[in-house]
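Accompanying notes for the structure given below.
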Amino acid sequence: FLKKKSFNKVGDLIVPMEILDILILGSGPAALCLASELAKQNLNIKGISTKSPYEKWENTYGIWASELEELGLESLLSHRWSKTVSYFGNGINNKGNNPTKHCYDYGLINQEAFQNELLKTCKGIQWLNETAKLIKSEHQISEVICFSGLTLKARLVIDASGHNSKFIKRPLLKEVAQQAAYGIVGKFSTPPVNKNQFVLMDFRSDHLNEDELLASPSFLYAMDLGSETYFVEETSLASYPAFSQDQLKKRLLNRLNNKGIKVEEIFHEENCLFPMNLPLPYKNQSVLGFGGAASMVHPASGYMIGSLLRRAPLLAKKLAFFLKEPNYSSLELATRGWSVLWPYELTQRHRLYQYGLQRLMSFDESRLRSFFSNFFKLSTKEWVGFLTNTLPLPKLIYVMSKMFINSPLKVKLGMLK
C-alpha cells in the first residue's frame, strides 16, 4: 500500500516518492541546533522553511560564558564581560546607584560564527523553500502537504519553527504572558554604561511618572561593545497584555534622556516578543517539537540557546536509535521523542519555574526590585543554576525555599498571594 501511495508525477514520469527519516520545519537556531546533531547520525533528513538557513539572524543572543565553556564552544563569543552588574534602585527615589556585582562572566554570541558552525555540521541536509499547510499521519508515515502543493513524507516530522507553531498541540491558555524588548545598537552622546561593562538588569525607575510606576515594570539590559558602540535594550518581564514596541521605545528614550544621553547614530534596532508561560505540549502526538515550539524557553529568564545546545545531542542520538525499529509509526517515534525531551525531572522543574513566574507577574515595581536584590544574594552557583535551568530538581526546590525564607516580608506575602 505504501508503495502504491508513494509516487509523484514529474512531467510524464511517475517516480517513487522519497520517504525521509526526519523532516524538520524551520531554519532558525532551534532547527539548526537539532539538525546539526541529527546530521551526525547518518539519517536521511530534509528541512523546509520560509527563510533560507543561510539568511543572517538579526537578534542578539546573550549567554552566561560558562554555558558555552562547558560545551567547548566559548570561541563563538564575540564579546565577553567580567564586569557584570545590576541596579535595583534601593536608594532614595529608586536611584540606588550602587551596583549589585555578579562577578560572573557574560557573553554575546557571534551570530554569524554560530550560524556558520551549525551549517557546517548540517552539511548534506537540504532545505526547501516551502511552508507546511497540513500534516497527516497515516499508515505509520507522516505526510506533509505544503502550500505550493509539494508533498513530503517522513517517518518523523520535527517542528522547530518557533512558538507560533500550529502543528504542536498543548493545553489552551487564556492569558499568554509575553516578554518584550526594544533595543538599539549605536553611538551615544555619552556612554550609557561604564567601559567594559555589562548590565544585566537596571531597574532604577526615577525616569518613570506615577502612572508608569503602577504599570508593569521594565528594565535596561545594556552592553559596552567597544569602539564607542553600545547596545541598550528596554526589556519587560513577562506580562499580559504584553508591552508594545512603542511603549518600550518610549521608556528607553526617557531613561536615556533622564541621564542626559542622546542617541547619535543607530546601527541596528532589535524587537523581541515571545511567550514565557506556554504550557508543555502533549506528549502523545505524532509531531515532535523542539525549541520554542516545545516550550523550551526558560519561564524565569527567557533564555533558550544554552538549553538547545545541551539537549539536542541526547535527543538526536535517541531518535536515531528509535528509527532503527522499522515498525515504529510516526506517533510512536514522536511520543518517545517527547519523553526524551521532557522527562519527569525537567517537567517538574518547568512547573516550578512556571509557578515562580506567575508570582512575579503579580509583583508591583517596588516588590520586584526587592525580590531581585534578594535573589542575587544567593550563592553564585545557586543563582546561575537557577537562571540556566541546570540545578537538579532537589537542589532547585532547596534554592527556591531558601529564597523564600530569606526574603523580606513584602516579598514573602507576594509569593503566597
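Ordered as shown in the C-alpha cells, chains take letters A, B, and onward, while each chain numbers its residues from 1 and ligands are numbered from 1 in the order shown.
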
Fill in: Surrounding residues of Ala293 in chain A excluding itself and chain neighbours under 3 positions, 8 Å, only C-alpha atoms, as a VMD selection string
chain A and resid 159 to 165 168 289 to 290 296

Worksheet item: If you count only C-alpha atoms, which residues fall within 8 Å of range 117-121 of chain A, apart from same-chain ones fewer than 2 positions away, as a list of chain:residue names?
Response: A:Leu32, A:Cys33, A:Ser36, A:Glu37, A:Ala39, A:Lys40, A:Pro53, A:Tyr54, A:Ala113, A:Phe114, A:Gln115, A:Lys123

Same residues, N, CA and C atoms, saved as a short mmCIF file (atom, residue, chain, number, x, y, z; two decimals), in the first residue's frame:
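Now in part24.cif:
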data_model
loop_
_atom_site.label_atom_id
_atom_site.label_comp_id
_atom_site.auth_asym_id
_atom_site.auth_seq_id
_atom_site.Cartn_x
_atom_site.Cartn_y
_atom_site.Cartn_z
N LEU A 32 18.51 24.50 13.51
CA LEU A 32 19.89 24.17 13.15
C LEU A 32 20.63 23.46 14.29
N CYS A 33 20.32 23.81 15.54
CA CYS A 33 20.97 23.12 16.67
C CYS A 33 20.64 21.63 16.64
N SER A 36 22.02 19.89 13.27
CA SER A 36 23.46 19.65 13.29
C SER A 36 23.82 18.38 14.05
N GLU A 37 23.02 18.06 15.06
CA GLU A 37 23.25 16.82 15.82
C GLU A 37 22.67 15.61 15.08
N ALA A 39 22.45 15.30 11.93
CA ALA A 39 23.29 15.04 10.76
C ALA A 39 24.43 14.09 11.09
N LYS A 40 24.83 14.03 12.36
CA LYS A 40 25.91 13.13 12.78
C LYS A 40 25.45 11.67 12.86
N PRO A 53 18.20 28.85 5.58
CA PRO A 53 19.04 28.70 6.78
C PRO A 53 20.30 29.56 6.70
N TYR A 54 20.60 30.09 5.51
CA TYR A 54 21.78 30.93 5.33
C TYR A 54 21.45 32.42 5.54
N ALA A 113 29.16 33.51 13.30
CA ALA A 113 30.02 32.36 13.59
C ALA A 113 29.20 31.18 14.09
N PHE A 114 28.22 31.46 14.95
CA PHE A 114 27.35 30.42 15.50
C PHE A 114 26.56 29.76 14.38
N GLN A 115 25.95 30.56 13.54
CA GLN A 115 25.16 30.05 12.43
C GLN A 115 26.01 29.23 11.47
N LYS A 123 25.89 20.02 6.91
CA LYS A 123 26.20 19.76 5.50
C LYS A 123 25.58 18.44 5.05
#

Worksheet item: Suppose you want the space between CA of Ala132 in chain A and CA of Ile158 in chain A; what is it in Å?
Response: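 Taking CA of Ala132 in chain A and CA of Ile158 in chain A, their separation equals 11.8 Å.
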
Discussion item. According to DSSP computed on the backbone, where in range 279-356 of chain A is there alpha helix (DSSP H)? Give the residues as JSON, numbers by chain.
Written reply: {"A": [305, 306, 307, 308, 309, 310, 311, 312, 313, 314, 315, 316, 317, 318, 319, 320, 321, 322, 330, 331, 332, 333, 334, 335, 336, 337, 338, 339, 340, 341, 344, 345, 346, 347, 348, 349, 350, 351, 352, 353, 354, 355, 356]}

Discussion item. Using only C-alpha atoms, which protein or nucleic acid residues come within 12 Å of Arg310 in chain A? Drop anything in the same chain fewer than 4 positions from it, and give the result as an MDAnalysis selection string.
Written reply: chainID A and resid 30 33:34 37 67:73 291 296 304:306 314:316 341 388:390

Export, as a short mmCIF file (atom, residue, chain, number, x, y, z; two decimals), in the first residue's frame, the selected residues with N, CA and C atoms.
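Output (result-v9.cif):
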data_model
loop_
_atom_site.label_atom_id
_atom_site.label_comp_id
_atom_site.auth_asym_id
_atom_site.auth_seq_id
_atom_site.Cartn_x
_atom_site.Cartn_y
_atom_site.Cartn_z
N ALA A 30 16.96 26.97 16.75
CA ALA A 30 16.48 25.68 17.27
C ALA A 30 16.59 24.60 16.20
N CYS A 33 20.32 23.81 15.54
CA CYS A 33 20.97 23.12 16.67
C CYS A 33 20.64 21.63 16.64
N LEU A 34 19.38 21.30 16.39
CA LEU A 34 19.00 19.89 16.36
C LEU A 34 19.46 19.23 15.07
N GLU A 37 23.02 18.06 15.06
CA GLU A 37 23.25 16.82 15.82
C GLU A 37 22.67 15.61 15.08
N GLU A 67 28.18 28.48 30.10
CA GLU A 67 27.33 27.55 29.36
C GLU A 67 28.01 27.10 28.07
N LEU A 68 28.73 28.01 27.42
CA LEU A 68 29.46 27.63 26.20
C LEU A 68 30.77 26.94 26.54
N GLU A 69 31.41 27.37 27.62
CA GLU A 69 32.67 26.75 28.03
C GLU A 69 32.48 25.26 28.31
N GLU A 70 31.37 24.92 28.97
CA GLU A 70 31.11 23.52 29.30
C GLU A 70 30.90 22.67 28.05
N LEU A 71 30.56 23.30 26.94
CA LEU A 71 30.35 22.59 25.68
C LEU A 71 31.52 22.76 24.73
N GLY A 72 32.57 23.46 25.20
CA GLY A 72 33.74 23.70 24.35
C GLY A 72 33.47 24.66 23.21
N LEU A 73 32.52 25.58 23.39
CA LEU A 73 32.11 26.48 22.32
C LEU A 73 32.36 27.95 22.65
N GLY A 291 12.73 23.53 20.59
CA GLY A 291 12.86 24.98 20.71
C GLY A 291 11.59 25.60 21.24
N MET A 296 10.56 25.36 25.21
CA MET A 296 11.89 25.27 25.81
C MET A 296 12.45 26.61 26.29
N MET A 304 17.15 30.50 26.01
CA MET A 304 16.89 29.19 25.41
C MET A 304 18.12 28.60 24.73
N ILE A 305 19.07 29.41 24.25
CA ILE A 305 20.18 28.90 23.45
C ILE A 305 20.97 27.82 24.20
N GLY A 306 21.30 28.07 25.46
CA GLY A 306 22.05 27.08 26.24
C GLY A 306 21.31 25.75 26.32
N LEU A 314 21.52 14.55 22.99
CA LEU A 314 20.85 13.35 23.51
C LEU A 314 19.61 13.03 22.69
N LEU A 315 18.82 14.06 22.37
CA LEU A 315 17.60 13.81 21.59
C LEU A 315 17.95 13.22 20.23
N ALA A 316 18.98 13.73 19.57
CA ALA A 316 19.37 13.23 18.26
C ALA A 316 19.80 11.76 18.33
N LEU A 341 12.75 14.50 25.49
CA LEU A 341 12.87 15.95 25.60
C LEU A 341 12.33 16.47 26.92
N THR A 388 19.98 29.25 34.46
CA THR A 388 20.33 28.41 33.31
C THR A 388 19.58 27.08 33.30
N ASN A 389 18.76 26.85 34.31
CA ASN A 389 18.00 25.60 34.43
C ASN A 389 18.92 24.38 34.45
N THR A 390 19.96 24.47 35.25
CA THR A 390 20.90 23.35 35.37
C THR A 390 20.94 22.77 36.78
#

Worksheet, complete the sentence: Taken to one decimal, the CA of Val340 in chain A-CA of Arg311 in chain A distance is 9.2 Å

Quick one: everything within 6 Å of range 329-332 of chain A, counting only C-alpha atoms, minus sequence neighbours fewer than 6 positions away in the same chain. Send it as a PDB file with N, CA, C and O atoms, in the first residue's frame.
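Result went into part00.pdb, see below:
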ATOM      1  N   GLN A 140       1.522   4.775   9.507  1.00  0.00           N
ATOM      2  CA  GLN A 140       2.848   4.831  10.120  1.00  0.00           C
ATOM      3  C   GLN A 140       3.730   5.973   9.630  1.00  0.00           C
ATOM      4  O   GLN A 140       4.702   6.324  10.278  1.00  0.00           O
ATOM      5  N   ILE A 141       3.403   6.584   8.495  1.00  0.00           N
ATOM      6  CA  ILE A 141       4.240   7.633   7.908  1.00  0.00           C
ATOM      7  C   ILE A 141       3.531   8.985   8.008  1.00  0.00           C
ATOM      8  O   ILE A 141       2.316   9.069   7.879  1.00  0.00           O
ATOM      9  N   ARG A 155       9.240   9.563   8.275  1.00  0.00           N
ATOM     10  CA  ARG A 155       8.855   8.734   9.413  1.00  0.00           C
ATOM     11  C   ARG A 155       8.582   9.606  10.633  1.00  0.00           C
ATOM     12  O   ARG A 155       7.760   9.261  11.477  1.00  0.00           O
ATOM     13  N   LEU A 156       9.277  10.763  10.712  1.00  0.00           N
ATOM     14  CA  LEU A 156       9.063  11.674  11.830  1.00  0.00           C
ATOM     15  C   LEU A 156       9.190  13.115  11.354  1.00  0.00           C
ATOM     16  O   LEU A 156      10.131  13.458  10.641  1.00  0.00           O
ATOM     17  N   GLN A 285       1.489  12.898  20.697  1.00  0.00           N
ATOM     18  CA  GLN A 285       1.124  13.463  19.401  1.00  0.00           C
ATOM     19  C   GLN A 285       2.183  13.075  18.385  1.00  0.00           C
ATOM     20  O   GLN A 285       3.327  12.787  18.732  1.00  0.00           O
ATOM     21  N   SER A 286       1.810  13.084  17.111  1.00  0.00           N
ATOM     22  CA  SER A 286       2.663  12.495  16.073  1.00  0.00           C
ATOM     23  C   SER A 286       3.695  13.453  15.498  1.00  0.00           C
ATOM     24  O   SER A 286       4.500  13.056  14.663  1.00  0.00           O
TER      25      SER A 286
END

Using only C-alpha atoms, tabulate the residues of range 106-131 of chain A lying at most 12 Å from any atom of range 196-218 of chain A, each with its closest atom pair and that distance in Å to one decimal, by chain and increasing residue number, as CSV.
residue,atom,partner,partner_atom,distance
A:Tyr106,CA,A:Phe198,CA,7.6
A:Gly107,CA,A:Phe198,CA,8.9
A:Leu108,CA,A:Phe198,CA,10.1

Item to complete: Grab the CA of Pro299 in chain A to CA of Leu391 in chain A distance for me, in Å with one decimal place.
Response: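 A separation of 14.5 Å between them.
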
Go through range 225-330 of chain A and flag each residue having an atom no more than 9 Å from range 359-379 of chain A; for those, report the closest pair of atoms plus their distance in Å to one decimal, using only C-alpha atoms, ordered by chain and rising number, as JSON lines.
{"residue": "A:Leu237", "atom": "CA", "partner": "A:Met361", "partner_atom": "CA", "distance": 7.7}
{"residue": "A:Ala238", "atom": "CA", "partner": "A:Met361", "partner_atom": "CA", "distance": 6.7}
{"residue": "A:Ser239", "atom": "CA", "partner": "A:Met361", "partner_atom": "CA", "distance": 6.4}
{"residue": "A:Tyr240", "atom": "CA", "partner": "A:Met361", "partner_atom": "CA", "distance": 8.6}

Fill in: From A:Leu308, A:Leu393, A:Cys146, A:Leu248, residue lying nearest Thr235 in chain A [only C-alpha atoms]
A:Leu248

Worksheet item: For Ser52 in chain A, which of A:Asn98, A:Asn129, A:Ser75, A:Gln111 is the closest residue, counting only C-alpha atoms?
Response: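 Going through A:Asn98, A:Asn129, A:Ser75, A:Gln111 one by one, the smallest distance to Ser52 in chain A is for A:Asn129.
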
Worksheet item: From the set A:Pro191, A:Gly186, A:Gly47, A:Pro99, which residue has the shortest atom-to-atom contact distance to Leu152 in chain A, counting only C-alpha atoms?
Response: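 When distances to Leu152 in chain A are compared using only C-alpha atoms, the smallest one comes from A:Gly47.
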
Discussion item. Let's see if you can do this: from backbone DSSP, list all strand (DSSP E) residues in range 158-393 of chain A, as a PyMOL selection string.
Written reply: chain A and resi 158-159+178-188+197-202+218-226+229-236+263-275+287-289

Discussion item. I need the residue nearest Ala65 in chain A from this list: A:Gly183, A:Gln178, A:Tyr344, A:Val384. Use only C-alpha atoms for the distance.
Written reply: A:Val384

Item to complete: Measuring atom to atom with only C-alpha atoms, identify which of A:Pro343, A:Lys195, A:Ile261, A:Pro392 is nearest to Ser227 in chain A.
Response: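 Ranking A:Pro343, A:Lys195, A:Ile261, A:Pro392 by distance to Ser227 in chain A, first place goes to A:Lys195.
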
Worksheet entry | Contacts of Leu20 in chain A within 9 Å, only C-alpha atoms, excl. fewer than 2 positions in-chain, as an NGL selection string | :A and (18 or 22-23 or 43-46 or 152-156)

Prev. selection, N, CA and C atoms, output as a compact mmCIF listing (two decimals), in the first residue's frame:
# COMPACT_ATOMS: atom_id res chain seq x y z
N GLU A 18 10.17 9.84 -2.14
CA GLU A 18 11.15 9.53 -1.10
C GLU A 18 10.49 9.58 0.27
N ILE A 22 13.61 11.91 8.76
CA ILE A 22 13.14 13.07 9.52
C ILE A 22 12.97 14.27 8.59
N LEU A 23 11.87 14.98 8.76
CA LEU A 23 11.65 16.26 8.10
C LEU A 23 11.57 17.33 9.18
N LEU A 43 21.36 9.96 9.06
CA LEU A 43 19.94 9.82 8.75
C LEU A 43 19.61 10.57 7.46
N ASN A 44 18.50 10.18 6.86
CA ASN A 44 18.01 10.84 5.65
C ASN A 44 17.10 11.99 6.10
N ILE A 45 17.61 13.22 6.01
CA ILE A 45 16.92 14.38 6.59
C ILE A 45 16.78 15.49 5.55
N LYS A 46 15.65 16.16 5.61
CA LYS A 46 15.45 17.39 4.86
C LYS A 46 14.78 18.41 5.77
N LEU A 152 5.64 15.89 0.98
CA LEU A 152 6.83 15.22 1.50
C LEU A 152 6.41 14.19 2.53
N LYS A 153 7.13 13.07 2.54
CA LYS A 153 6.83 12.02 3.50
C LYS A 153 8.04 11.74 4.37
N ALA A 154 7.77 11.49 5.64
CA ALA A 154 8.85 11.21 6.59
C ALA A 154 8.34 10.33 7.70
N ARG A 155 9.24 9.56 8.27
CA ARG A 155 8.85 8.73 9.41
C ARG A 155 8.58 9.61 10.63
N LEU A 156 9.28 10.76 10.71
CA LEU A 156 9.06 11.67 11.83
C LEU A 156 9.19 13.12 11.35
